[in-house]
$ cat entry09.cif   # mmCIF, C-alpha atoms, pLDDT in the B column; chains and numbers go by the auth columns
data_run
#
loop_
_atom_site.group_PDB
_atom_site.id
_atom_site.type_symbol
_atom_site.label_atom_id
_atom_site.label_comp_id
_atom_site.label_asym_id
_atom_site.label_seq_id
_atom_site.Cartn_x
_atom_site.Cartn_y
_atom_site.Cartn_z
_atom_site.B_iso_or_equiv
_atom_site.auth_seq_id
_atom_site.auth_asym_id
ATOM 1 C CA MET A 1 30.395 -3.765 -9.793 55.00 27 C
ATOM 2 C CA SER A 2 30.616 -0.612 -7.667 67.00 28 C
ATOM 3 C CA GLU A 3 29.750 -0.684 -3.980 72.00 29 C
ATOM 4 C CA ASP A 4 26.793 1.705 -4.501 76.00 30 C
ATOM 5 C CA ARG A 5 25.405 -0.445 -7.283 78.00 31 C
ATOM 6 C CA SER A 6 25.635 -3.670 -5.282 78.00 32 C
ATOM 7 C CA ARG A 7 24.029 -1.937 -2.269 78.00 33 C
ATOM 8 C CA ILE A 8 21.037 -0.894 -4.389 79.00 34 C
ATOM 9 C CA LEU A 9 20.724 -4.398 -5.830 80.00 35 C
ATOM 10 C CA ASN A 10 20.931 -5.886 -2.328 77.00 36 C
ATOM 11 C CA MET A 11 18.135 -3.607 -1.143 77.00 37 C
ATOM 12 C CA LEU A 12 16.062 -4.695 -4.146 77.00 38 C
ATOM 13 C CA ALA A 13 16.743 -8.354 -3.345 76.00 39 C
ATOM 14 C CA GLU A 14 15.766 -7.810 0.293 73.00 40 C
ATOM 15 C CA GLY A 15 12.527 -6.152 -0.779 71.00 41 C
ATOM 16 C CA LYS A 16 13.406 -2.795 0.822 72.00 42 C
ATOM 17 C CA ILE A 17 12.839 -1.056 -2.516 75.00 43 C
ATOM 18 C CA THR A 18 10.797 -1.869 -5.584 73.00 44 C
ATOM 19 C CA ALA A 19 12.156 -2.576 -9.042 75.00 45 C
ATOM 20 C CA GLU A 20 10.968 0.888 -10.071 73.00 46 C
ATOM 21 C CA GLU A 21 12.845 2.586 -7.225 76.00 47 C
ATOM 22 C CA ALA A 22 15.957 0.506 -7.903 78.00 48 C
ATOM 23 C CA GLU A 23 15.814 1.514 -11.559 77.00 49 C
ATOM 24 C CA ARG A 24 15.577 5.178 -10.625 76.00 50 C
ATOM 25 C CA LEU A 25 18.473 4.907 -8.202 79.00 51 C
ATOM 26 C CA LEU A 26 20.592 3.069 -10.764 80.00 52 C
ATOM 27 C CA ASP A 27 19.739 5.730 -13.349 76.00 53 C
ATOM 28 C CA ALA A 28 20.777 8.425 -10.891 74.00 54 C
ATOM 29 C CA LEU A 29 23.950 6.495 -10.195 73.00 55 C
ATOM 30 C CA GLU A 30 24.743 6.182 -13.883 74.00 56 C
ATOM 31 C CA ALA A 31 24.038 9.872 -14.465 66.00 57 C
ATOM 32 C CA ARG A 32 26.384 10.810 -11.641 64.00 58 C
ATOM 33 C CA ASP A 33 28.921 8.251 -12.853 63.00 59 C
ATOM 34 C CA GLY A 34 28.868 9.945 -16.233 58.00 60 C
ATOM 35 C CA ALA A 35 29.342 13.323 -14.602 51.00 61 C
ATOM 36 C CA SER A 36 32.031 12.024 -12.282 50.00 62 C
ATOM 37 C CA THR A 37 34.201 10.759 -15.150 50.00 63 C
ATOM 38 C CA THR A 38 34.560 14.330 -16.294 50.00 64 C
ATOM 39 C CA SER A 39 34.688 15.993 -12.906 51.00 65 C
ATOM 40 C CA GLY A 40 36.583 13.286 -11.027 51.00 66 C
ATOM 41 C CA GLU A 41 33.922 13.302 -8.256 55.00 67 C
ATOM 42 C CA PRO A 42 32.674 10.006 -6.718 53.00 68 C
ATOM 43 C CA ALA A 43 29.228 8.772 -7.874 52.00 69 C
ATOM 44 C CA ILE A 44 27.266 8.618 -4.625 55.00 70 C
ATOM 45 C CA LYS A 45 28.997 9.558 -1.452 59.00 71 C
ATOM 46 C CA GLY A 46 28.021 7.376 1.477 64.00 72 C
ATOM 47 C CA ASP A 47 24.780 5.525 1.976 67.00 73 C
ATOM 48 C CA PRO A 48 21.967 5.699 -0.640 64.00 74 C
ATOM 49 C CA GLU A 49 19.399 5.148 2.162 67.00 75 C
ATOM 50 C CA PRO A 50 18.636 8.907 2.400 67.00 76 C
ATOM 51 C CA LEU A 51 17.708 8.847 -1.287 65.00 77 C
ATOM 52 C CA ILE A 52 15.234 6.055 -0.591 65.00 78 C
ATOM 53 C CA ALA A 53 13.983 7.757 2.549 66.00 79 C
ATOM 54 C CA ALA A 54 13.218 10.839 0.439 68.00 80 C
ATOM 55 C CA LEU A 55 10.736 8.860 -1.679 74.00 81 C
ATOM 56 C CA PRO A 56 7.080 9.497 -0.805 80.00 82 C
ATOM 57 C CA LYS A 57 5.710 6.947 1.647 85.00 83 C
ATOM 58 C CA TYR A 58 2.052 7.930 1.893 89.00 84 C
ATOM 59 C CA LEU A 59 -0.832 8.651 -0.411 90.00 85 C
ATOM 60 C CA TYR A 60 -2.990 11.522 0.828 93.00 86 C
ATOM 61 C CA VAL A 61 -6.602 12.097 -0.135 93.00 87 C
ATOM 62 C CA LYS A 62 -8.170 15.303 1.134 94.00 88 C
ATOM 63 C CA VAL A 63 -11.695 16.410 0.412 93.00 89 C
ATOM 64 C CA ILE A 64 -13.088 19.693 1.665 92.00 90 C
ATOM 65 C CA ALA A 65 -16.733 20.152 0.728 91.00 91 C
ATOM 66 C CA VAL A 66 -18.668 23.356 1.120 90.00 92 C
ATOM 67 C CA ASN A 67 -21.484 21.497 2.873 87.00 93 C
ATOM 68 C CA GLY A 68 -19.083 20.797 5.741 86.00 94 C
ATOM 69 C CA ASP A 69 -18.026 17.249 4.864 90.00 95 C
ATOM 70 C CA ASN A 70 -14.293 16.883 5.262 93.00 96 C
ATOM 71 C CA VAL A 71 -12.315 13.748 4.495 94.00 97 C
ATOM 72 C CA ASP A 72 -8.632 13.358 5.174 95.00 98 C
ATOM 73 C CA VAL A 73 -7.064 9.974 4.473 95.00 99 C
ATOM 74 C CA LYS A 74 -3.421 8.968 4.681 94.00 100 C
ATOM 75 C CA ILE A 75 -2.634 5.561 3.166 92.00 101 C
ATOM 76 C CA PRO A 76 0.801 3.928 3.232 91.00 102 C
ATOM 77 C CA ILE A 77 1.945 3.345 -0.359 87.00 103 C
ATOM 78 C CA ALA A 78 3.164 -0.093 0.756 87.00 104 C
ATOM 79 C CA LEU A 79 -0.466 -0.916 1.544 88.00 105 C
ATOM 80 C CA VAL A 80 -1.535 0.168 -1.952 85.00 106 C
ATOM 81 C CA ARG A 81 1.144 -2.097 -3.428 84.00 107 C
ATOM 82 C CA SER A 82 0.142 -5.017 -1.186 86.00 108 C
ATOM 83 C CA GLY A 83 -3.516 -4.516 -2.043 85.00 109 C
ATOM 84 C CA LEU A 84 -2.825 -4.494 -5.752 83.00 110 C
ATOM 85 C CA LYS A 85 -0.672 -7.623 -5.453 82.00 111 C
ATOM 86 C CA LEU A 86 -3.481 -9.260 -3.547 84.00 112 C
ATOM 87 C CA THR A 87 -5.908 -8.614 -6.409 82.00 113 C
ATOM 88 C CA SER A 88 -3.805 -10.783 -8.725 79.00 114 C
ATOM 89 C CA LEU A 89 -4.490 -13.762 -6.423 82.00 115 C
ATOM 90 C CA ILE A 90 -8.228 -13.375 -6.062 83.00 116 C
ATOM 91 C CA PRO A 91 -10.065 -16.279 -7.765 83.00 117 C
ATOM 92 C CA SER A 92 -11.358 -15.322 -11.216 81.00 118 C
ATOM 93 C CA LYS A 93 -15.042 -15.829 -10.310 83.00 119 C
ATOM 94 C CA ALA A 94 -14.743 -13.505 -7.304 84.00 120 C
ATOM 95 C CA MET A 95 -12.742 -11.044 -9.408 83.00 121 C
ATOM 96 C CA ASP A 96 -15.477 -10.993 -12.049 84.00 122 C
ATOM 97 C CA GLN A 97 -18.034 -10.147 -9.360 86.00 123 C
ATOM 98 C CA ILE A 98 -15.798 -7.347 -8.043 85.00 124 C
ATOM 99 C CA ASN A 99 -15.263 -5.959 -11.547 82.00 125 C
ATOM 100 C CA ASP A 100 -19.003 -6.112 -12.298 86.00 126 C
ATOM 101 C CA SER A 101 -19.831 -4.379 -9.038 87.00 127 C
ATOM 102 C CA MET A 102 -17.238 -1.669 -9.695 84.00 128 C
ATOM 103 C CA SER A 103 -18.446 -1.070 -13.239 85.00 129 C
ATOM 104 C CA GLU A 104 -21.988 -0.715 -11.878 87.00 130 C
ATOM 105 C CA HIS A 105 -20.650 2.142 -9.769 84.00 131 C
ATOM 106 C CA GLY A 106 -18.917 3.784 -12.727 82.00 132 C
ATOM 107 C CA MET A 107 -15.416 2.362 -12.230 79.00 133 C
ATOM 108 C CA SER A 108 -14.476 0.154 -15.173 77.00 134 C
ATOM 109 C CA VAL A 109 -11.140 -1.164 -13.973 74.00 135 C
ATOM 110 C CA ASP A 110 -10.194 -4.739 -14.768 73.00 136 C
ATOM 111 C CA PHE A 111 -7.844 -5.770 -11.974 71.00 137 C
ATOM 112 C CA SER A 112 -7.522 -9.300 -13.364 69.00 138 C
ATOM 113 C CA ASN A 113 -5.143 -7.999 -16.025 71.00 139 C
ATOM 114 C CA LEU A 114 -2.712 -6.484 -13.530 73.00 140 C
ATOM 115 C CA LYS A 115 0.720 -8.101 -13.658 73.00 141 C
ATOM 116 C CA PRO A 116 3.400 -7.748 -10.919 70.00 142 C
ATOM 117 C CA GLU A 117 5.563 -5.531 -13.153 74.00 143 C
ATOM 118 C CA ASP A 118 2.526 -3.340 -13.914 77.00 144 C
ATOM 119 C CA ILE A 119 1.914 -2.951 -10.177 77.00 145 C
ATOM 120 C CA ASP A 120 5.458 -1.707 -9.552 75.00 146 C
ATOM 121 C CA GLU A 121 5.147 0.730 -12.451 78.00 147 C
ATOM 122 C CA LEU A 122 1.725 1.872 -11.270 79.00 148 C
ATOM 123 C CA VAL A 123 2.944 2.503 -7.735 79.00 149 C
ATOM 124 C CA GLY A 124 6.050 4.265 -9.058 78.00 150 C
ATOM 125 C CA THR A 125 3.870 6.551 -11.164 80.00 151 C
ATOM 126 C CA LEU A 126 1.524 7.063 -8.237 78.00 152 C
ATOM 127 C CA ARG A 127 4.372 8.629 -6.243 76.00 153 C
ATOM 128 C CA GLU A 128 4.630 11.399 -8.835 78.00 154 C
ATOM 129 C CA MET A 129 0.897 11.923 -9.170 82.00 155 C
ATOM 130 C CA GLU A 130 -0.860 15.026 -7.911 87.00 156 C
ATOM 131 C CA ILE A 131 -4.522 15.793 -8.428 89.00 157 C
ATOM 132 C CA ASN A 132 -6.112 19.099 -7.516 91.00 158 C
ATOM 133 C CA VAL A 133 -9.795 19.610 -8.164 91.00 159 C
ATOM 134 C CA ASP A 134 -11.500 22.908 -7.433 90.00 160 C
ATOM 135 C CA ALA A 135 -15.162 22.422 -8.226 88.00 161 C
ATOM 136 C CA LYS A 136 -17.475 25.260 -9.210 88.00 162 C
ATOM 137 C CA ASN A 137 -19.482 24.832 -6.025 88.00 163 C
ATOM 138 C CA GLY A 138 -16.334 25.318 -3.935 88.00 164 C
ATOM 139 C CA ASP A 139 -15.563 21.677 -3.184 91.00 165 C
ATOM 140 C CA ASN A 140 -11.874 20.955 -3.123 92.00 166 C
ATOM 141 C CA VAL A 141 -10.210 17.580 -3.698 93.00 167 C
ATOM 142 C CA ARG A 142 -6.497 16.903 -3.428 93.00 168 C
ATOM 143 C CA VAL A 143 -4.739 13.613 -4.046 91.00 169 C
ATOM 144 C CA TYR A 144 -0.967 13.481 -3.711 89.00 170 C
ATOM 145 C CA CYS A 145 1.928 11.514 -2.313 87.00 171 C
ATOM 146 C CA ALA A 146 4.422 12.744 0.262 82.00 172 C
ATOM 147 C CA MET B 1 6.923 -6.299 5.287 54.00 12 J
ATOM 148 C CA ASN B 2 6.650 -3.847 8.151 65.00 13 J
ATOM 149 C CA VAL B 3 5.911 -4.549 11.778 81.00 14 J
ATOM 150 C CA PRO B 4 2.170 -5.328 12.051 87.00 15 J
ATOM 151 C CA PRO B 5 -0.073 -2.593 13.450 92.00 16 J
ATOM 152 C CA ILE B 6 0.407 -2.177 17.198 93.00 17 J
ATOM 153 C CA VAL B 7 -2.428 0.116 18.220 94.00 18 J
ATOM 154 C CA LEU B 8 -5.723 1.202 16.684 94.00 19 J
ATOM 155 C CA ASP B 9 -6.903 4.568 17.953 95.00 20 J
ATOM 156 C CA LEU B 10 -10.519 5.383 17.139 95.00 21 J
ATOM 157 C CA LYS B 11 -12.322 8.558 18.136 94.00 22 J
ATOM 158 C CA VAL B 12 -15.948 9.200 17.303 93.00 23 J
ATOM 159 C CA ALA B 13 -17.494 12.494 18.286 92.00 24 J
ATOM 160 C CA SER B 14 -21.126 13.217 17.621 88.00 25 J
ATOM 161 C CA SER B 15 -23.377 16.083 18.564 85.00 26 J
ATOM 162 C CA ALA B 16 -26.155 13.588 19.391 83.00 27 J
ATOM 163 C CA ARG B 17 -24.150 11.103 21.475 85.00 28 J
ATOM 164 C CA ARG B 18 -21.344 10.982 23.973 88.00 29 J
ATOM 165 C CA PRO B 19 -17.890 10.963 22.349 90.00 30 J
ATOM 166 C CA VAL B 20 -16.226 7.571 22.083 92.00 31 J
ATOM 167 C CA HIS B 21 -12.497 7.043 22.289 94.00 32 J
ATOM 168 C CA LEU B 22 -11.251 3.517 21.670 93.00 33 J
ATOM 169 C CA TRP B 23 -7.623 2.630 22.091 93.00 34 J
ATOM 170 C CA LEU B 24 -7.214 -0.942 20.923 92.00 35 J
ATOM 171 C CA PRO B 25 -3.902 -2.631 21.682 94.00 36 J
ATOM 172 C CA LEU B 26 -3.665 -4.800 18.566 92.00 37 J
ATOM 173 C CA PHE B 27 -0.369 -6.299 19.695 91.00 38 J
ATOM 174 C CA VAL B 28 -2.349 -8.303 22.253 93.00 39 J
ATOM 175 C CA LEU B 29 -4.056 -10.052 19.347 90.00 40 J
ATOM 176 C CA TRP B 30 -0.814 -10.942 17.595 91.00 41 J
ATOM 177 C CA PRO B 31 -0.355 -14.383 19.265 92.00 42 J
ATOM 178 C CA LEU B 32 -3.982 -15.281 18.547 93.00 43 J
ATOM 179 C CA ALA B 33 -3.698 -14.051 14.938 91.00 44 J
ATOM 180 C CA LEU B 34 -0.473 -16.003 14.516 91.00 45 J
ATOM 181 C CA ALA B 35 -2.051 -19.207 15.837 95.00 46 J
ATOM 182 C CA LEU B 36 -5.158 -18.806 13.669 94.00 47 J
ATOM 183 C CA GLY B 37 -3.032 -17.818 10.682 93.00 48 J
ATOM 184 C CA LEU B 38 -0.848 -20.911 10.988 95.00 49 J
ATOM 185 C CA VAL B 39 -3.873 -23.201 11.234 96.00 50 J
ATOM 186 C CA ALA B 40 -5.518 -21.482 8.250 95.00 51 J
ATOM 187 C CA LEU B 41 -2.261 -21.691 6.297 95.00 52 J
ATOM 188 C CA ALA B 42 -1.951 -25.418 6.968 96.00 53 J
ATOM 189 C CA VAL B 43 -5.522 -25.951 5.747 96.00 54 J
ATOM 190 C CA ALA B 44 -4.915 -23.735 2.708 94.00 55 J
ATOM 191 C CA ILE B 45 -1.769 -25.659 1.768 95.00 56 J
ATOM 192 C CA VAL B 46 -3.700 -28.944 1.900 95.00 57 J
ATOM 193 C CA VAL B 47 -6.544 -27.437 -0.159 94.00 58 J
ATOM 194 C CA ASP B 48 -4.057 -26.084 -2.715 93.00 59 J
ATOM 195 C CA ALA B 49 -2.352 -29.468 -2.966 94.00 60 J
ATOM 196 C CA VAL B 50 -5.690 -31.204 -3.547 94.00 61 J
ATOM 197 C CA LEU B 51 -6.743 -28.605 -6.132 92.00 62 J
ATOM 198 C CA LEU B 52 -3.398 -29.025 -7.911 92.00 63 J
ATOM 199 C CA LEU B 53 -3.740 -32.819 -7.955 93.00 64 J
ATOM 200 C CA VAL B 54 -7.299 -32.590 -9.253 92.00 65 J
ATOM 201 C CA GLY B 55 -6.042 -30.291 -11.985 88.00 66 J
ATOM 202 C CA ARG B 56 -7.867 -27.103 -11.075 86.00 67 J
ATOM 203 C CA ARG B 57 -6.385 -23.932 -12.525 83.00 68 J
ATOM 204 C CA TYR B 58 -6.732 -21.932 -9.329 85.00 69 J
ATOM 205 C CA HIS B 59 -4.695 -23.319 -6.426 86.00 70 J
ATOM 206 C CA HIS B 60 -3.294 -20.233 -4.723 88.00 71 J
ATOM 207 C CA TYR B 61 -5.286 -20.006 -1.492 91.00 72 J
ATOM 208 C CA SER B 62 -2.173 -20.299 0.690 93.00 73 J
ATOM 209 C CA LEU B 63 -0.464 -17.463 -1.210 91.00 74 J
ATOM 210 C CA LEU B 64 -3.665 -15.416 -0.963 90.00 75 J
ATOM 211 C CA LEU B 65 -3.642 -15.922 2.808 92.00 76 J
ATOM 212 C CA VAL B 66 0.021 -14.948 3.156 91.00 77 J
ATOM 213 C CA ARG B 67 -0.459 -11.828 1.024 89.00 78 J
ATOM 214 C CA SER B 68 -3.570 -10.902 3.049 90.00 79 J
ATOM 215 C CA PHE B 69 -1.528 -10.987 6.232 90.00 80 J
ATOM 216 C CA ALA B 70 1.187 -8.954 4.499 89.00 81 J
ATOM 217 C CA ALA B 71 -1.405 -6.353 3.476 90.00 82 J
ATOM 218 C CA ILE B 72 -2.686 -6.146 7.067 90.00 83 J
ATOM 219 C CA GLY B 73 0.907 -5.620 8.184 89.00 84 J
ATOM 220 C CA GLU B 74 1.221 -2.658 5.827 90.00 85 J
ATOM 221 C CA THR B 75 -1.749 -0.805 7.327 91.00 86 J
ATOM 222 C CA ARG B 76 0.511 0.711 9.975 91.00 87 J
ATOM 223 C CA GLY B 77 0.577 4.476 9.531 91.00 88 J
ATOM 224 C CA MET B 78 -2.888 4.730 8.017 94.00 89 J
ATOM 225 C CA VAL B 79 -4.961 7.683 9.147 96.00 90 J
ATOM 226 C CA VAL B 80 -8.615 8.273 8.321 95.00 91 J
ATOM 227 C CA HIS B 81 -10.395 11.433 9.327 95.00 92 J
ATOM 228 C CA PHE B 82 -13.951 12.275 8.464 93.00 93 J
ATOM 229 C CA SER B 83 -16.005 15.112 9.782 93.00 94 J
ATOM 230 C CA ASN B 84 -19.212 16.901 9.007 90.00 95 J
ATOM 231 C CA GLU B 85 -21.469 19.229 10.952 87.00 96 J
ATOM 232 C CA LYS B 86 -22.731 16.443 13.226 88.00 97 J
ATOM 233 C CA THR B 87 -20.014 13.802 13.407 91.00 98 J
ATOM 234 C CA ALA B 88 -16.251 13.557 13.482 93.00 99 J
ATOM 235 C CA VAL B 89 -14.414 10.256 13.117 94.00 100 J
ATOM 236 C CA ASP B 90 -10.675 9.820 13.553 95.00 101 J
ATOM 237 C CA MET B 91 -8.955 6.498 13.039 95.00 102 J
ATOM 238 C CA THR B 92 -5.227 5.992 13.343 95.00 103 J
ATOM 239 C CA VAL B 93 -3.362 2.733 12.926 94.00 104 J
ATOM 240 C CA GLN B 94 -0.001 2.895 14.669 90.00 105 J
#
$ encode --input "entry09.cif" --output "C-alpha cells"
Amino acid sequence: MSEDRSRILNMLAEGKITAEEAERLLDALEARDGASTTSGEPAIKGDPEPLIAALPKYLYVKVIAVNGDNVDVKIPIALVRSGLKLTSLIPSKAMDQINDSMSEHGMSVDFSNLKPEDIDELVGTLREMEINVDAKNGDNVRVYCA
Amino acid sequence: MNVPPIVLDLKVASSARRPVHLWLPLFVLWPLALALGLVALAVAIVVDAVLLLVGRRYHHYSLLLVRSFAAIGETRGMVVHFSNEKTAVDMTVQ
C-alpha cells in the first residue's frame, strides 16, 4: 500500500474525513497513479491535507427580499452531518411527530429512513450543490457550499 | 469532533429599542456542561441497560446524548444574520 493511500485511510479511520471524501481522494490518487505510470511522475506529492482543506466547509443560505428582509446564514457542514446522524437516533414516536409536523408545513421528508451511508452521500452531494433562485418579484435566494 | 464553541456573539439592533450586544463566553460553561453531561450520561446508560433487559427495541438514549453533545460541538463557525427595515440580528458562534 502506498504512503498516500495509507494516509488517506488513516484520516478516514480518525474521522478527519468522511467515507465520501476518502473515496474521492482515492479516486484522484488512482487517476494520478494511472497517469504517473505513463509519465513517470509520482501520484501525490507531499501531504494530501491541502486537498482536504480545499473541500467546502460551510453551507451558505442567502436570501435578499425586495421588501427589505435579508437573511444570511453560514452553517458548518459538520453540523449538518451531525444533525442528520442525530435524527437516526431519535425515538420512532418522536420521529413520527416530527415527520407529521414537517409534512403539515409542506416538507414531506422521512428522516427515519436515513442510514449512515446515505448521510455521507447526502453531505458529499451537498458540497457540490448550488441553488440560485431569482423570483419574478425580485427576491433572490442562493444556497451553496464554500 | 471540533473544539466546542468558545464564544457566542449576539447583536440585536432595532429602530424601536436600544441596541443590544451580548458577548457570551461559552467556555465558562464547559465545566458545568461536562459535569451535567456526565451525570446525564450515567443515567442514560442505566436507562438503556434497563430498556435492553426489558426487551424494548429502542435503547439508545446514551448514544443520543453523546451525539447531541457532538452536534453542539460542531456549531462553531455558525453565523446567522437577519435584517429588515426595523431590526437587524447578528449571531456568531466562535
$ residues_around --input "entry09.cif" --residues "stretch 54-70 of chain J" --least-positions-apart "5" --cutoff "9 Å" --atoms "only C-alpha atoms" --output "list of chain:residue names"
C:Leu115, C:Pro117, C:Ser118, J:Leu49, J:Leu76
$ atom_distance --input "entry09.cif" --atom1 "atom CA of J:Leu33" --atom2 "atom CA of C:Ala91"
27.3 Å
$ interface_residues --input "entry09.cif" --of "chain C" --to "chain J" --cutoff "10 Å" --atoms "only C-alpha atoms" --output "ChimeraX atom specification"
/C:41-42,83-91,93-118
$ atom_distance --input "entry09.cif" --atom1 "atom CA of C:Gly164" --atom2 "atom CA of J:Lys22"
28.0 Å
$ residues_around --input "entry09.cif" --residues "C:Met155" --least-positions-apart "3" --cutoff "7 Å" --atoms "all atoms listed in the file" --output "list in words"
Thr151, Leu152, Tyr170 and Cys171 of chain C
$ axis_aligned_box --input "entry09.cif" --around "stretch 96-104 of chain J" --padding-each-side "8 Å" --output "JSON"
{"center_x": -13.0, "center_y": 11.0, "center_z": 12.3, "size_x": 35.4, "size_y": 32.5, "size_z": 18.6}
$ atom_distance --input "entry09.cif" --atom1 "atom CA of C:Ala172" --atom2 "atom CA of C:Leu81"
7.7 Å
$ decode --input "entry09.cif" --residues "stretch 15-57 of chain J" --atoms "C-alpha atoms" --output "CSV table (one decimal), in the first residue's frame"
chain,number,residue,atom,x,y,z
J,15,PRO,CA,-16.8,23.2,21.4
J,16,PRO,CA,-18.0,26.7,20.8
J,17,ILE,CA,-16.0,29.2,22.8
J,18,VAL,CA,-17.9,32.5,22.4
J,19,LEU,CA,-21.4,33.4,21.3
J,20,ASP,CA,-21.6,36.9,20.0
J,21,LEU,CA,-25.1,38.3,19.6
J,22,LYS,CA,-26.1,41.7,18.3
J,23,VAL,CA,-29.6,43.0,18.1
J,24,ALA,CA,-30.3,46.4,16.7
J,25,SER,CA,-33.8,47.8,16.5
J,26,SER,CA,-35.2,51.1,15.5
J,27,ALA,CA,-37.6,51.0,18.4
J,28,ARG,CA,-35.2,49.9,21.2
J,29,ARG,CA,-31.6,50.4,22.3
J,30,PRO,CA,-29.1,48.1,20.5
J,31,VAL,CA,-28.1,45.0,22.5
J,32,HIS,CA,-24.7,43.4,22.2
J,33,LEU,CA,-24.1,40.2,24.1
J,34,TRP,CA,-20.8,38.5,24.2
J,35,LEU,CA,-21.2,35.2,26.0
J,36,PRO,CA,-18.1,33.4,27.0
J,37,LEU,CA,-19.4,29.8,26.5
J,38,PHE,CA,-16.1,28.3,27.6
J,39,VAL,CA,-17.0,29.3,31.2
J,40,LEU,CA,-19.9,26.9,30.9
J,41,TRP,CA,-17.8,24.0,29.7
J,42,PRO,CA,-17.0,22.6,33.2
J,43,LEU,CA,-20.7,22.8,34.2
J,44,ALA,CA,-21.8,21.2,30.9
J,45,LEU,CA,-19.2,18.5,31.3
J,46,ALA,CA,-20.4,17.7,34.9
J,47,LEU,CA,-24.1,17.7,33.8
J,48,GLY,CA,-23.3,15.7,30.7
J,49,LEU,CA,-21.5,13.0,32.7
J,50,VAL,CA,-24.4,12.7,35.2
J,51,ALA,CA,-26.9,12.6,32.3
J,52,LEU,CA,-24.8,10.0,30.5
J,53,ALA,CA,-24.6,7.8,33.6
J,54,VAL,CA,-28.4,8.0,34.0
J,55,ALA,CA,-28.9,7.3,30.2
J,56,ILE,CA,-26.6,4.2,30.4
J,57,VAL,CA,-28.6,2.8,33.3
